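S.K.: Questions regarding the structure given below will be posed in turn.
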Amino acid sequence: MINKINIGEKKKNGIDSQKKGTICCILGAVSWGFSGTCSEALFRDYAPDPSWVTAMRMTAAGALLMIWLLLRQRSVIFDMVKDKKTRLQIAAFSVAGLLFCQLAYLCAIQWTNSGTATVLQNISVLLIAIFVCITTKTLPDRRQVISVILALFGVFMLGYGRKTGQSGTVCAGSLWDWRRSGSGQLFSSSRAPVARWGSIPVTGMGLFTGGILFFAAIRAWHIPEGLDGGAFVLMALIVLVGTVGAFSLFLQGIRLVGPVKAILLGCLEPLTAAFLSVVWMGSSFSPADYIGFAAILATVVILK
């Protein structure tokens, strides 16, 4: 009887964990999508430089996470700082991963819109598969070949039927997100420091380190002209909801449901961004755009 009760409790706890993890992943993905639309609104109404937004976003979000970590996991932070190998890993992850990702993504939003930029970032899954094939000297399998065709078709459809200037803008945004996906996410997918110290300490220190360095490099203390209270509300939403909240929720979701299910649930991010871009920002998408979105998102499902 006791064994049956214990088994029942374990199953119940497992189901509860799956539900909690699913909710965390959904909220995290939706938060990222919402943040992308906030960035689009910021660029449309105030036109700040993406570099300044990146520096402020990373520095503020990193500082908040570091304060939380110093209150909850102070010894972990001190041990990470003392370890030379970890310092090098964090520095590389911060600059080549987080910083590049944030900057390229915001540039893509500025040149296209949050929906298009967020959908295009899913090509990262395809580029990682190609990278693995090259480094392991193996031929792509059927799924990877189909994904390549779908991704190219999707990008073609996003530019199909647009005016010359609009197509150029989409191509520019695509290149930025491809560079972000191929370079930034491939590097940030390295799990060595995360496996040793945990995802939140590594992310917090990475955001803070990259933010401070970039903040000083571009002299971000010079606030762009024309920013008012509305602009700083958007910045606060980008930092709190789209960075601190989204990262924390999604990482917790990965811990509870695993990376495969979490990444699939992450497809809600581009759907959220595209929906809000239409409803909030008044963006318009043609039938060809929707076909392109579907083709690119299909590559994520196929490769997972």
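Labels for the structure tokens follow display order: chains A, B, ..., residues from 1 in each chain, ligands from 1.
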Excluding same-chain residues fewer than 4 positions from A:Val53, what lies within 9 Å of it counting only C-alpha atoms, as a PDB file with all heavy atoms, in the first residue's frame?
M.R.:
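In the end it all went to selection26.pdb:
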```pdb
ATOM      1  N   SER A  39      10.342  46.723 -28.533  1.00  0.00           N
ATOM      2  CA  SER A  39      11.515  47.257 -29.231  1.00  0.00           C
ATOM      3  C   SER A  39      11.104  47.913 -30.547  1.00  0.00           C
ATOM      4  O   SER A  39      11.616  48.975 -30.910  1.00  0.00           O
ATOM      5  CB  SER A  39      12.525  46.133 -29.502  1.00  0.00           C
ATOM      6  OG  SER A  39      12.981  45.555 -28.294  1.00  0.00           O
ATOM      7  N   PRO A  48      16.004  55.395 -31.400  1.00  0.00           N
ATOM      8  CA  PRO A  48      17.323  55.343 -30.772  1.00  0.00           C
ATOM      9  C   PRO A  48      18.224  54.365 -31.526  1.00  0.00           C
ATOM     10  O   PRO A  48      17.739  53.517 -32.279  1.00  0.00           O
ATOM     11  CB  PRO A  48      17.022  54.815 -29.370  1.00  0.00           C
ATOM     12  CG  PRO A  48      15.824  53.945 -29.565  1.00  0.00           C
ATOM     13  CD  PRO A  48      15.006  54.632 -30.634  1.00  0.00           C
ATOM     14  N   ASP A  49      19.508  54.477 -31.339  1.00  0.00           N
ATOM     15  CA  ASP A  49      20.430  53.552 -31.980  1.00  0.00           C
ATOM     16  C   ASP A  49      20.337  52.183 -31.305  1.00  0.00           C
ATOM     17  O   ASP A  49      20.308  52.099 -30.079  1.00  0.00           O
ATOM     18  CB  ASP A  49      21.865  54.084 -31.868  1.00  0.00           C
ATOM     19  CG  ASP A  49      22.823  53.276 -32.717  1.00  0.00           C
ATOM     20  OD1 ASP A  49      23.272  52.217 -32.249  1.00  0.00           O
ATOM     21  OD2 ASP A  49      23.121  53.692 -33.841  1.00  0.00           O
ATOM     22  N   ARG A  57      20.013  47.686 -22.131  1.00  0.00           N
ATOM     23  CA  ARG A  57      19.246  46.477 -21.808  1.00  0.00           C
ATOM     24  C   ARG A  57      20.117  45.458 -21.078  1.00  0.00           C
ATOM     25  O   ARG A  57      19.715  44.912 -20.044  1.00  0.00           O
ATOM     26  CB  ARG A  57      18.695  45.871 -23.100  1.00  0.00           C
ATOM     27  CG  ARG A  57      17.995  44.545 -22.916  1.00  0.00           C
ATOM     28  CD  ARG A  57      17.516  43.990 -24.244  1.00  0.00           C
ATOM     29  NE  ARG A  57      16.718  42.788 -24.060  1.00  0.00           N
ATOM     30  CZ  ARG A  57      16.087  42.159 -25.032  1.00  0.00           C
ATOM     31  NH1 ARG A  57      16.179  42.617 -26.281  1.00  0.00           N
ATOM     32  NH2 ARG A  57      15.387  41.074 -24.787  1.00  0.00           N
ATOM     33  N   MET A  58      21.302  45.200 -21.628  1.00  0.00           N
ATOM     34  CA  MET A  58      22.168  44.195 -21.023  1.00  0.00           C
ATOM     35  C   MET A  58      22.677  44.633 -19.654  1.00  0.00           C
ATOM     36  O   MET A  58      22.706  43.844 -18.707  1.00  0.00           O
ATOM     37  CB  MET A  58      23.343  43.899 -21.954  1.00  0.00           C
ATOM     38  CG  MET A  58      22.966  43.129 -23.202  1.00  0.00           C
ATOM     39  SD  MET A  58      24.413  42.653 -24.189  1.00  0.00           S
ATOM     40  CE  MET A  58      25.248  41.519 -23.063  1.00  0.00           C
ATOM     41  N   LEU A 103      22.312  42.643 -30.071  1.00  0.00           N
ATOM     42  CA  LEU A 103      22.510  43.740 -31.021  1.00  0.00           C
ATOM     43  C   LEU A 103      21.947  43.380 -32.395  1.00  0.00           C
ATOM     44  O   LEU A 103      21.240  44.179 -33.020  1.00  0.00           O
ATOM     45  CB  LEU A 103      23.994  44.076 -31.125  1.00  0.00           C
ATOM     46  CG  LEU A 103      24.360  45.192 -32.117  1.00  0.00           C
ATOM     47  CD1 LEU A 103      23.656  46.491 -31.764  1.00  0.00           C
ATOM     48  CD2 LEU A 103      25.876  45.396 -32.138  1.00  0.00           C
ATOM     49  N   LEU A 106      18.045  43.331 -32.421  1.00  0.00           N
ATOM     50  CA  LEU A 106      17.441  44.668 -32.410  1.00  0.00           C
ATOM     51  C   LEU A 106      17.620  45.362 -33.763  1.00  0.00           C
ATOM     52  O   LEU A 106      16.725  46.089 -34.210  1.00  0.00           O
ATOM     53  CB  LEU A 106      18.055  45.504 -31.286  1.00  0.00           C
ATOM     54  CG  LEU A 106      17.667  45.084 -29.867  1.00  0.00           C
ATOM     55  CD1 LEU A 106      18.402  45.942 -28.842  1.00  0.00           C
ATOM     56  CD2 LEU A 106      16.162  45.198 -29.658  1.00  0.00           C
ATOM     57  N   ALA A 220      27.439  54.922 -23.548  1.00  0.00           N
ATOM     58  CA  ALA A 220      25.977  54.901 -23.484  1.00  0.00           C
ATOM     59  C   ALA A 220      25.399  55.838 -22.436  1.00  0.00           C
ATOM     60  O   ALA A 220      24.170  55.982 -22.360  1.00  0.00           O
ATOM     61  CB  ALA A 220      25.495  53.468 -23.216  1.00  0.00           C
ATOM     62  N   MET A 235      11.599  50.839 -22.399  1.00  0.00           N
ATOM     63  CA  MET A 235      12.882  50.261 -22.016  1.00  0.00           C
ATOM     64  C   MET A 235      12.743  49.398 -20.768  1.00  0.00           C
ATOM     65  O   MET A 235      13.336  48.309 -20.677  1.00  0.00           O
ATOM     66  CB  MET A 235      13.904  51.378 -21.759  1.00  0.00           C
ATOM     67  CG  MET A 235      14.480  52.010 -23.010  1.00  0.00           C
ATOM     68  SD  MET A 235      15.488  50.861 -23.994  1.00  0.00           S
ATOM     69  CE  MET A 235      16.761  50.417 -22.816  1.00  0.00           C
TER      70      MET A 235
END
```
S.K.: With only C-alpha atoms as the counted atoms, please give the residues lying no more than 7 Å from A:Gly206, apart from itself and same-chain residues fewer than 2 positions off, as a count of residues only.
M.R.: 10
S.K.: With only C-alpha atoms as the basis for distance, which of A:Ala117, A:Gly198, A:Ser277, A:Val301 is at the shortest distance from A:Lys261?
M.R.: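 Closest to A:Lys261 of all the choices is A:Val301.
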S.K.: Could you state the separation of atom CA of A:Leu240 and atom CA of A:Lys82 in Å, given to one decimal place?
M.R.: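 Computing it gives 29.0 Å between the two atoms.
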S.K.: Do you have the atom CA of A:Ala273-atom CA of A:Gly33 distance handy?
M.R.: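 Between atom CA of A:Ala273 and atom CA of A:Gly33 the gap works out to 4.3 Å.
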S.K.: Fewer than 4 positions away in the same chain doesn't count, so skip those; otherwise give me all residues within 10 Å of A:Tyr290, counting only C-alpha atoms, as an MDAnalysis selection string.
M.R.: chainID A and resid 116 154 157:158 274 285:286 294:296
S.K.: Next, the residues of the selection above should be written as a short mmCIF file (atom, residue, chain, number, x, y, z; two decimals), in the first residue's frame with C-alpha atoms.
M.R.:
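Dumped everything to part20.cif:
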```
data_model
loop_
_atom_site.label_atom_id
_atom_site.label_comp_id
_atom_site.auth_asym_id
_atom_site.auth_seq_id
_atom_site.Cartn_x
_atom_site.Cartn_y
_atom_site.Cartn_z
CA THR A 116 9.60 39.07 -39.18
CA GLY A 154 10.49 30.84 -46.35
CA MET A 157 8.42 34.23 -49.60
CA LEU A 158 9.11 36.97 -47.03
CA ALA A 274 3.84 38.73 -35.24
CA PHE A 285 1.61 40.88 -43.67
CA SER A 286 0.72 39.46 -47.05
CA ALA A 294 5.01 28.79 -41.62
CA ALA A 295 7.89 27.40 -43.69
CA ILE A 296 10.57 28.74 -41.34
#
```
S.K.: Taking 5 positions as the minimum chain separation for residues in the same chain, which residues sit within 12 Å of stretch 59-63 of chain A when counting only C-alpha atoms? Answer as a PyMOL selection string.
M.R.: chain A and resi 52-54+68-70+94+98-99+102+200-216+220-221+235-248
S.K.: Give me the residues within 12 Å of A:Asp83 as a ChimeraX atom specification, counting only C-alpha atoms and dropping any in the same chain fewer than 6 places off.
M.R.: /A:76-77,89-90,193,196-197
S.K.: With C-alpha atoms retained, could you export that selection as a PDB file, in the first residue's frame?
M.R.:
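Dumped to again_24.pdb:
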```
ATOM      1  CA  VAL A  76      28.673  30.801  -6.432  1.00  0.00           C
ATOM      2  CA  ILE A  77      29.414  34.241  -7.857  1.00  0.00           C
ATOM      3  CA  GLN A  89      34.391  31.390 -20.754  1.00  0.00           C
ATOM      4  CA  ILE A  90      32.037  34.046 -19.400  1.00  0.00           C
ATOM      5  CA  PRO A 193      29.984  26.976 -17.914  1.00  0.00           C
ATOM      6  CA  ARG A 196      29.184  23.694 -13.959  1.00  0.00           C
ATOM      7  CA  TRP A 197      27.594  26.790 -12.446  1.00  0.00           C
TER       8      TRP A 197
END
```
S.K.: Have a look at atom CA of A:Gly36 and atom CA of A:Ser114 and let me know their distance in Å, one decimal.
M.R.: 5.2 Å
S.K.: Please run DSSP on the backbone and report, as a PyMOL selection string, all residues within stretch 187-293 of chain A that come out as helix (DSSP H, G or I).
M.R.: chain A and resi 187-188+192-197+199-217+229-257+259-265+268-279+287-293
